[in-house]
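The next block holds one structure in the form of structure tokens; read it before the comments.
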Amino acid sequence: MELDPDGLETLSAVLREGTFEAAARSLHITPSAVSQRIKAMEHGVGRVLLRRTKPVQATRDGEVVIRLARQWELLRTEAELELVGSTSGDHPPDDPAAAPQLIHLPIAANADSLATWLLPALARFHHSNPGAVEVIRDDESRNSDYLRSGEVLGAITSLPDRIRGCHTQPLGSMRYIPVATPDFLARWMPQGPTDAALARAPMVHYDRRDNLQREALRLLTRIPSDPPAIYIPASTEYHRAIEFGMGWGLTPRVQIADALDHGRLVTITDRRVEVPLFWQYWKLASPLLSALTDEITRSAAEHLTDD
């Protein structure tokens, strides 16, 4: 198998930009040169790496190679920074000319983690390391797809799928509780969360792919039901919608602790939903990735349950 750095860089550019022409512009070469490099890569590995669609997509074999390409980019950039002394601390921090180059680090995370325990971990990482994290936000049950395709170097997931070339670190569980306002319960569930009440009471969902709320329904009622759904696709606004009395829903207690303590929200039942979370990331000897992993696992240990 033959893989050269120019070919890896070109493959990464094509998938990042979406077309051969856009990749050529970003690399300051001709589209013909891009095409030749990709063909040489595919000939070298004996596999078709790209689907020539718009935008261009990686094949399953291409996903393996693009992950290698992005790992190479990360390691190369870290080595360049180390060689020029950007991370050595030789320059005073108030010298703009001495500011280190920041390395792009894409990860995938779910909205509730980002709104509660993950952001402090990312902040601590940025204070101490020359990295610039990009968070791709999606449901924890789907984030492994971004890791598998090579789009991210790490992901917060709820399914510890075996992904080639990746480590899996258990983080703990996010505990969700079903809540509503007292007025909402008095109107829609005066006798409590009965099967009939749950079938008609409006329910707040994050989006149409939000399986967590459906799991709550299965937990609370014996009868399949399809209550009116309200969709609020943002973590903070989702919880505000519940606090405004628009519907009931499942939420991390840490995010609405104040509303519970002051009676603006109440729990519908003592039942809870535990969502296990995992940090899955590239098997790579990268100091930045190791530092990011340390901060993520540290913050998770402080905020997630371990049962």
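Every chain in the structure tokens has a letter given in the order shown (A, B, ...), and although residue numbers restart at 1 in each chain, ligands are simply numbered from 1 in the order shown.
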ask   = Skipping near chain neighbours, those fewer than 3 positions away, what residues fall within 7 Å of Gly172 in chain A using only C-alpha atoms, listed as a PyMOL selection string?
value = chain A and resi 276-277+300+304-306
key: Close residues, range 178-194 of chain A itself excluded, 6 Å, only C-alpha atoms, min 5 positions apart in chain, as a PyMOL selection string   = chain A and resi 201+245+248-250+264-268
request  = Using DSSP on the backbone coordinates, identify the residues of range 24-216 of chain A assigned to helix (DSSP H, G or I); present them as a PyMOL selection string.
outcome  = chain A and resi 24-27+31-45+60-84+96-98+111-128+143-149+182-188+195-200+211-216
ask   = Please, which residues of range 36-273 of chain A, numbered as in this document, come out strand (DSSP E) from DSSP, as a PyMOL selection string?
value = chain A and resi 50-51+57-58+103-109+131-137+154-157+166-180+203-205+229-231+249-252+266-267+273
